[in-house]
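Engineer: Quick one: this structure, given as structure tokens, is what I'll be asking you about.
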Amino acid sequence: MFHILLKLFRNHITMPDVSDGQILEALKTVKDPDKGDDIVSLGMVSGVVNRNGNVGFSIEVDAARGAKLEPMRKAAEDAVIAINGVLSVTAVMTAPTATPGAAAQSSSGPAPGQNPAPRAKLLENIGAVIAVASGKGGVGKSTTSVNLALALSQLGHRTGILDADIYGPSLPLMMGITEKPDSPDGKRLSPIEKFGIKCMSIGFMVPADTPMIWRGPMVMGALEQMMGDVDWGNLDVLIVDMPPGTGDAQLTMAQRVALAGAVIVSTPQDLALLDARKGLNMFRRVDVPVLGIIENMSYFLCPHCGERSDIFTHGGARKAAAQMGVDFLGEVPLDMAIREGSDMGRPIVAADPDSDHAKTYRAIAEALWNTLGDGASRPSAPKIIME
């Protein structure tokens with residue numbers, strides 16, 4: 001696995017320049033086991049891409065040798081990642097012709113027609129991994145995730161939260177975390193504990209204003225490391241705050257983790273619910289059970305006169321849940337205290353646990369846990385359906 005997180009941890013995103021010459025010199029240490037010479041001298045390396053410490057290249061091999069040469073591909077990645085200043089490496093094996101069975105094999109999966117090598121599932125020590133998702137941004141999914149995790153902790157469950165949004169991490173701000181995680185052995189990171197829950201985010205390791213200009217394989221590599229290379233310990237439940245949409249991160253979670261289920265967050269209006277349905281159907285498509293829908297920003301109570309206003313209409317998520325045959329877990333109002341708590345790093349469930357809003361989140365958490373069953377068993381690994 002590419003040590004993206006540890007590189008960020010050690011270098012704090014300030015990387016020395018890496019030249020193509022350095023990359024090729026490193027690759028000269030990798031030999032073709034059948035031909036006895038290095039892969040550069042044999043002309044097997046092509047398409048070197050080197051952008052801001054993110055390196056990619058192709059290794060051309062005979063299609064029939066593809067599976068056998070997987071250790072060589074991995075050795076090539078290891079050789080380049082050892083260069084000071086390299087943040088990530090993607091090595092792809094390609095075949096010289098497009099004959100049947102000669103499709104490209106990459107680090108992210110086998111060639112068509114080949115059986116993938118079995119990989120251990122991630123987060124095996126965690127009782128239930130729950131993905132909190134939305135079809136679109138701006139519906140308060142991250143605020144819901146954080147307060148839901150805190151509510152589960154207050155109900156007595158050992159809880160963690162993983163911020164899976166590589167491009168727009170929000171956990172550092174919402175939890176008021178400014179320190180960087182420790183790595184006692186230089187190989188694994190320790191999650192940061194705050195308000196009684198274990199937390200991990202790519203935002204702990206990069207400045208808040210630094211854009212993550214990474215392609216999909218790098219994003220998936222970082223996400224896998226935040227699951228596999230972090231010492232989560234034995235948790236009852238891990239809340240995963242997913243990025244909005246139905247892209248790489250969602251598929252990585254479905255493929256690499258035996259998810260206990262997904263929770264969909266939506267506001268009540270039709271546009272948000274349309275995207276929420278897409279997210280719900282995506283999880284169903286990859287055999288991840290949908291545990292329920294939460295209606296966020298459900299209504300607004302004026303703090304001065306107490307008058308209620310249904311700014312985004314009301315009840316749409318409940319109706320959608322009934323139509324799609326999933327549980328409706330509850331509704332959370334649009335309220336300044338919830339927003340201010342998130343912006344100040346003091347989520348409402350932690351800052352004011354006796355408030356009506358905190359009680360609402362705990363009721364949702366209890367409904368969710370009851371849906372899982374106490375000590376919920378993990379489902380079988382999901383399969384990806386391709387058409």
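Here, A, B, ... name the chains of the structure tokens in the order displayed, residue numbers run from 1 inside each chain, and ligands are numbered from 1 in the same displayed order.
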Would you mind writing down, as a PyMOL selection string, each residue of segment 189-258 of chain A that DSSP on the backbone assigns to helix (DSSP H, G or I)?
Structural biologist: chain A and resi 202-204+216-228+248-256
Engineer: Please dump the current selection as a PDB file, in the first residue's frame; keep N, CA and C atoms.
Structural biologist:
ATOM      1  N   ILE A 202      -8.035  13.085   6.750  1.00  0.00           N
ATOM      2  CA  ILE A 202      -6.883  13.565   6.001  1.00  0.00           C
ATOM      3  C   ILE A 202      -6.596  15.016   6.370  1.00  0.00           C
ATOM      4  N   GLY A 203      -7.624  15.725   6.852  1.00  0.00           N
ATOM      5  CA  GLY A 203      -7.467  17.117   7.254  1.00  0.00           C
ATOM      6  C   GLY A 203      -6.567  17.299   8.458  1.00  0.00           C
ATOM      7  N   PHE A 204      -6.296  16.220   9.221  1.00  0.00           N
ATOM      8  CA  PHE A 204      -5.372  16.321  10.344  1.00  0.00           C
ATOM      9  C   PHE A 204      -3.933  16.467   9.872  1.00  0.00           C
ATOM     10  N   GLY A 216      -8.345   9.564  -8.824  1.00  0.00           N
ATOM     11  CA  GLY A 216      -9.092   8.534  -8.106  1.00  0.00           C
ATOM     12  C   GLY A 216      -8.259   7.488  -7.401  1.00  0.00           C
ATOM     13  N   PRO A 217      -7.240   6.873  -8.052  1.00  0.00           N
ATOM     14  CA  PRO A 217      -6.458   5.837  -7.360  1.00  0.00           C
ATOM     15  C   PRO A 217      -5.768   6.351  -6.114  1.00  0.00           C
ATOM     16  N   MET A 218      -5.313   7.599  -6.145  1.00  0.00           N
ATOM     17  CA  MET A 218      -4.653   8.161  -4.963  1.00  0.00           C
ATOM     18  C   MET A 218      -5.662   8.379  -3.834  1.00  0.00           C
ATOM     19  N   VAL A 219      -6.851   8.840  -4.205  1.00  0.00           N
ATOM     20  CA  VAL A 219      -7.905   9.039  -3.211  1.00  0.00           C
ATOM     21  C   VAL A 219      -8.272   7.708  -2.564  1.00  0.00           C
ATOM     22  N   MET A 220      -8.430   6.677  -3.393  1.00  0.00           N
ATOM     23  CA  MET A 220      -8.794   5.370  -2.847  1.00  0.00           C
ATOM     24  C   MET A 220      -7.671   4.801  -1.983  1.00  0.00           C
ATOM     25  N   GLY A 221      -6.415   5.049  -2.389  1.00  0.00           N
ATOM     26  CA  GLY A 221      -5.294   4.587  -1.580  1.00  0.00           C
ATOM     27  C   GLY A 221      -5.263   5.248  -0.220  1.00  0.00           C
ATOM     28  N   ALA A 222      -5.509   6.567  -0.182  1.00  0.00           N
ATOM     29  CA  ALA A 222      -5.528   7.281   1.089  1.00  0.00           C
ATOM     30  C   ALA A 222      -6.675   6.797   1.970  1.00  0.00           C
ATOM     31  N   LEU A 223      -7.840   6.565   1.357  1.00  0.00           N
ATOM     32  CA  LEU A 223      -8.994   6.104   2.124  1.00  0.00           C
ATOM     33  C   LEU A 223      -8.729   4.722   2.712  1.00  0.00           C
ATOM     34  N   GLU A 224      -8.131   3.834   1.921  1.00  0.00           N
ATOM     35  CA  GLU A 224      -7.819   2.506   2.439  1.00  0.00           C
ATOM     36  C   GLU A 224      -6.815   2.584   3.590  1.00  0.00           C
ATOM     37  N   GLN A 225      -5.865   3.503   3.499  1.00  0.00           N
ATOM     38  CA  GLN A 225      -4.896   3.639   4.590  1.00  0.00           C
ATOM     39  C   GLN A 225      -5.545   4.178   5.860  1.00  0.00           C
ATOM     40  N   MET A 226      -6.498   5.075   5.721  1.00  0.00           N
ATOM     41  CA  MET A 226      -7.165   5.598   6.915  1.00  0.00           C
ATOM     42  C   MET A 226      -8.003   4.520   7.595  1.00  0.00           C
ATOM     43  N   MET A 227      -8.284   3.449   6.872  1.00  0.00           N
ATOM     44  CA  MET A 227      -8.969   2.318   7.481  1.00  0.00           C
ATOM     45  C   MET A 227      -7.981   1.264   7.958  1.00  0.00           C
ATOM     46  N   GLY A 228      -7.005   0.906   7.102  1.00  0.00           N
ATOM     47  CA  GLY A 228      -6.127  -0.212   7.406  1.00  0.00           C
ATOM     48  C   GLY A 228      -4.867   0.144   8.159  1.00  0.00           C
ATOM     49  N   ASP A 248     -15.872   7.183  -6.326  1.00  0.00           N
ATOM     50  CA  ASP A 248     -14.812   6.247  -5.955  1.00  0.00           C
ATOM     51  C   ASP A 248     -14.854   5.857  -4.486  1.00  0.00           C
ATOM     52  N   ALA A 249     -15.054   6.841  -3.622  1.00  0.00           N
ATOM     53  CA  ALA A 249     -15.012   6.546  -2.184  1.00  0.00           C
ATOM     54  C   ALA A 249     -16.112   5.561  -1.798  1.00  0.00           C
ATOM     55  N   GLN A 250     -17.296   5.741  -2.355  1.00  0.00           N
ATOM     56  CA  GLN A 250     -18.406   4.847  -2.042  1.00  0.00           C
ATOM     57  C   GLN A 250     -18.112   3.419  -2.514  1.00  0.00           C
ATOM     58  N   LEU A 251     -17.547   3.297  -3.714  1.00  0.00           N
ATOM     59  CA  LEU A 251     -17.230   1.966  -4.231  1.00  0.00           C
ATOM     60  C   LEU A 251     -16.099   1.320  -3.435  1.00  0.00           C
ATOM     61  N   THR A 252     -15.112   2.115  -3.030  1.00  0.00           N
ATOM     62  CA  THR A 252     -14.027   1.573  -2.218  1.00  0.00           C
ATOM     63  C   THR A 252     -14.570   1.025  -0.906  1.00  0.00           C
ATOM     64  N   MET A 253     -15.449   1.766  -0.256  1.00  0.00           N
ATOM     65  CA  MET A 253     -16.027   1.301   0.997  1.00  0.00           C
ATOM     66  C   MET A 253     -16.812   0.010   0.784  1.00  0.00           C
ATOM     67  N   ALA A 254     -17.580  -0.053  -0.295  1.00  0.00           N
ATOM     68  CA  ALA A 254     -18.402  -1.235  -0.546  1.00  0.00           C
ATOM     69  C   ALA A 254     -17.546  -2.459  -0.839  1.00  0.00           C
ATOM     70  N   GLN A 255     -16.425  -2.261  -1.532  1.00  0.00           N
ATOM     71  CA  GLN A 255     -15.567  -3.378  -1.911  1.00  0.00           C
ATOM     72  C   GLN A 255     -14.660  -3.848  -0.783  1.00  0.00           C
ATOM     73  N   ARG A 256     -14.168  -2.929   0.030  1.00  0.00           N
ATOM     74  CA  ARG A 256     -13.101  -3.255   0.973  1.00  0.00           C
ATOM     75  C   ARG A 256     -13.572  -3.408   2.417  1.00  0.00           C
TER      76      ARG A 256
END
Engineer: Set out as CSV a contact list for segment 293-377 of chain A and segment 142-163 of chain A with a cut-off of 7 Å, giving each residue of segment 293-377 of chain A that qualifies its closest atom pair and distance in Å to one decimal, counting only C-alpha atoms, ordered by chain and rising residue number.
Structural biologist:
residue,atom,partner,partner_atom,distance
A:Ser342,CA,A:Thr143,CA,6.5
A:Pro347,CA,A:Asn147,CA,6.4
A:Val349,CA,A:Asn147,CA,5.8
A:Ala350,CA,A:Leu150,CA,6.8
A:Tyr361,CA,A:Leu148,CA,6.0
A:Arg362,CA,A:Ala151,CA,4.8
A:Ala365,CA,A:Leu152,CA,5.7
Engineer: Have a look at atom CA of Leu189 of chain A and atom CA of Ala260 of chain A and let me know their distance in Å, one decimal.
Structural biologist: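 Calculated distance between atom CA of Leu189 of chain A and atom CA of Ala260 of chain A is 24.3 Å.
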Engineer: What are the nearest atom pairs, with distances in Å to one decimal, for all residues of segment 214-271 of chain A that come at most 9 Å from segment 123-135 of chain A, using only C-alpha atoms, set out by chain and rising residue number as JSON lines?
Structural biologist:
{"residue": "A:Met227", "atom": "CA", "partner": "A:Leu123", "partner_atom": "CA", "distance": 6.2}
{"residue": "A:Gly228", "atom": "CA", "partner": "A:Leu123", "partner_atom": "CA", "distance": 6.7}
{"residue": "A:Trp232", "atom": "CA", "partner": "A:Leu123", "partner_atom": "CA", "distance": 8.1}
{"residue": "A:Gly233", "atom": "CA", "partner": "A:Asn125", "partner_atom": "CA", "distance": 6.9}
{"residue": "A:Asn234", "atom": "CA", "partner": "A:Asn125", "partner_atom": "CA", "distance": 5.4}
{"residue": "A:Leu235", "atom": "CA", "partner": "A:Ile126", "partner_atom": "CA", "distance": 4.8}
{"residue": "A:Asp236", "atom": "CA", "partner": "A:Gly127", "partner_atom": "CA", "distance": 4.6}
{"residue": "A:Val237", "atom": "CA", "partner": "A:Ala128", "partner_atom": "CA", "distance": 4.7}
{"residue": "A:Leu238", "atom": "CA", "partner": "A:Val129", "partner_atom": "CA", "distance": 4.8}
{"residue": "A:Ile239", "atom": "CA", "partner": "A:Ile130", "partner_atom": "CA", "distance": 5.1}
{"residue": "A:Val240", "atom": "CA", "partner": "A:Ala131", "partner_atom": "CA", "distance": 4.7}
{"residue": "A:Asp241", "atom": "CA", "partner": "A:Val132", "partner_atom": "CA", "distance": 5.2}
{"residue": "A:Met242", "atom": "CA", "partner": "A:Ala133", "partner_atom": "CA", "distance": 5.3}
{"residue": "A:Pro243", "atom": "CA", "partner": "A:Ala133", "partner_atom": "CA", "distance": 7.0}
{"residue": "A:Pro244", "atom": "CA", "partner": "A:Ser134", "partner_atom": "CA", "distance": 5.4}
{"residue": "A:Gly245", "atom": "CA", "partner": "A:Gly135", "partner_atom": "CA", "distance": 4.6}
{"residue": "A:Thr246", "atom": "CA", "partner": "A:Gly135", "partner_atom": "CA", "distance": 6.9}
{"residue": "A:Gln250", "atom": "CA", "partner": "A:Ala131", "partner_atom": "CA", "distance": 8.8}
{"residue": "A:Met253", "atom": "CA", "partner": "A:Ala131", "partner_atom": "CA", "distance": 8.4}
{"residue": "A:Arg256", "atom": "CA", "partner": "A:Leu123", "partner_atom": "CA", "distance": 9.0}
{"residue": "A:Val257", "atom": "CA", "partner": "A:Leu123", "partner_atom": "CA", "distance": 6.8}
{"residue": "A:Ala258", "atom": "CA", "partner": "A:Val129", "partner_atom": "CA", "distance": 7.5}
{"residue": "A:Leu259", "atom": "CA", "partner": "A:Val129", "partner_atom": "CA", "distance": 5.2}
{"residue": "A:Ala260", "atom": "CA", "partner": "A:Ala128", "partner_atom": "CA", "distance": 5.3}
{"residue": "A:Gly261", "atom": "CA", "partner": "A:Ile130", "partner_atom": "CA", "distance": 5.3}
{"residue": "A:Ala262", "atom": "CA", "partner": "A:Ala131", "partner_atom": "CA", "distance": 4.6}
{"residue": "A:Val263", "atom": "CA", "partner": "A:Val132", "partner_atom": "CA", "distance": 4.8}
{"residue": "A:Ile264", "atom": "CA", "partner": "A:Ala133", "partner_atom": "CA", "distance": 5.0}
{"residue": "A:Val265", "atom": "CA", "partner": "A:Ser134", "partner_atom": "CA", "distance": 5.3}
{"residue": "A:Ser266", "atom": "CA", "partner": "A:Ser134", "partner_atom": "CA", "distance": 6.5}
Engineer: What is the atom CA of Gly330 of chain A-atom CA of Pro169 of chain A distance in Å, reported with one decimal?
Structural biologist: 25.4 Å
Engineer: Got a sec: who's within 10 Å of segment 26-33 of chain A, counting only C-alpha atoms, leaving out chain neighbours fewer than 4 positions off, as a list of chain:residue names?
Structural biologist: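 Final neighbour list, sorted by chain and number: A:Asp20, A:Gly21, A:Gln22, A:Asp37, A:Asp38, A:Ile39, A:Val40, A:Ser41, A:Leu42, A:Met44, A:Val45, A:Val61, A:Lys68, A:Leu69, A:Pro71, A:Met72, A:Arg73, A:Lys74, A:Ala75, A:Ala76, A:Glu77, A:Asp78, A:Ala79, A:Val80, A:Ile81, A:Ala82, A:Ile83.
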Engineer: Suppose we keep C-alpha atoms; can you now write the selection as an mmCIF file, in the first residue's frame?
Structural biologist:
data_model
loop_
_atom_site.group_PDB
_atom_site.id
_atom_site.type_symbol
_atom_site.label_atom_id
_atom_site.label_comp_id
_atom_site.auth_asym_id
_atom_site.auth_seq_id
_atom_site.Cartn_x
_atom_site.Cartn_y
_atom_site.Cartn_z
ATOM 1 C CA ASP A 20 11.972 11.722 -13.824
ATOM 2 C CA GLY A 21 15.628 10.700 -13.735
ATOM 3 C CA GLN A 22 15.346 9.800 -10.050
ATOM 4 C CA ASP A 37 17.654 -7.560 -16.436
ATOM 5 C CA ASP A 38 16.075 -4.436 -14.956
ATOM 6 C CA ILE A 39 12.732 -3.200 -16.266
ATOM 7 C CA VAL A 40 14.148 0.136 -17.476
ATOM 8 C CA SER A 41 16.929 -1.410 -19.571
ATOM 9 C CA LEU A 42 14.425 -3.868 -21.024
ATOM 10 C CA MET A 44 9.291 -2.100 -20.099
ATOM 11 C CA VAL A 45 8.649 1.283 -18.398
ATOM 12 C CA VAL A 61 4.442 -7.217 -19.968
ATOM 13 C CA LYS A 68 2.896 -13.932 -12.213
ATOM 14 C CA LEU A 69 4.540 -10.502 -12.369
ATOM 15 C CA PRO A 71 5.245 -8.983 -7.193
ATOM 16 C CA MET A 72 7.426 -7.158 -9.729
ATOM 17 C CA ARG A 73 4.817 -4.423 -10.122
ATOM 18 C CA LYS A 74 4.614 -4.070 -6.357
ATOM 19 C CA ALA A 75 8.431 -3.944 -6.118
ATOM 20 C CA ALA A 76 8.442 -1.119 -8.661
ATOM 21 C CA GLU A 77 5.980 0.872 -6.529
ATOM 22 C CA ASP A 78 8.054 0.222 -3.413
ATOM 23 C CA ALA A 79 11.223 1.396 -5.165
ATOM 24 C CA VAL A 80 9.698 4.702 -6.215
ATOM 25 C CA ILE A 81 7.819 5.418 -2.972
ATOM 26 C CA ALA A 82 11.180 5.228 -1.173
ATOM 27 C CA ILE A 83 12.341 8.376 -3.013
#
Engineer: Hey, can you check how far atom CA of Ala272 of chain A sits from atom CA of Ala317 of chain A?
Structural biologist: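 Between atom CA of Ala272 of chain A and atom CA of Ala317 of chain A the gap is 9.3 Å.
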Engineer: Which of segment 105-316 of chain A end up as strand (DSSP E) when DSSP is run on this backbone - answer as a VMD selection string?
Structural biologist: chain A and resid 105 to 106 128 to 133 159 to 163 192 to 194 197 to 201 237 to 241 261 to 266 290 to 295 300 to 301 308 to 309
Engineer: Between A:Gly138, A:Pro353, A:Gly36, A:Gly247, single out the one closest to Lys278 of chain A, counting only C-alpha atoms.
Structural biologist: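 The closest residue to Lys278 of chain A is A:Gly247.
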Engineer: Considering only C-alpha atoms, state which residue in the set A:Asp165, A:Glu295, A:Asp229, A:Glu331 is at the smallest distance from Thr360 of chain A.
Structural biologist: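 Closest to Thr360 of chain A of all the choices is A:Glu331.
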Engineer: So, counting only C-alpha atoms, which residue among A:Val139, A:Val288, A:Met174, A:Leu87 is closest to Leu271 of chain A?
Structural biologist: A:Val139
Engineer: Taking only C-alpha atoms into account, name the residue in A:Lys35, A:Lys136, A:His357, A:Arg285 that is nearest to Leu273 of chain A.
Structural biologist: A:Lys136
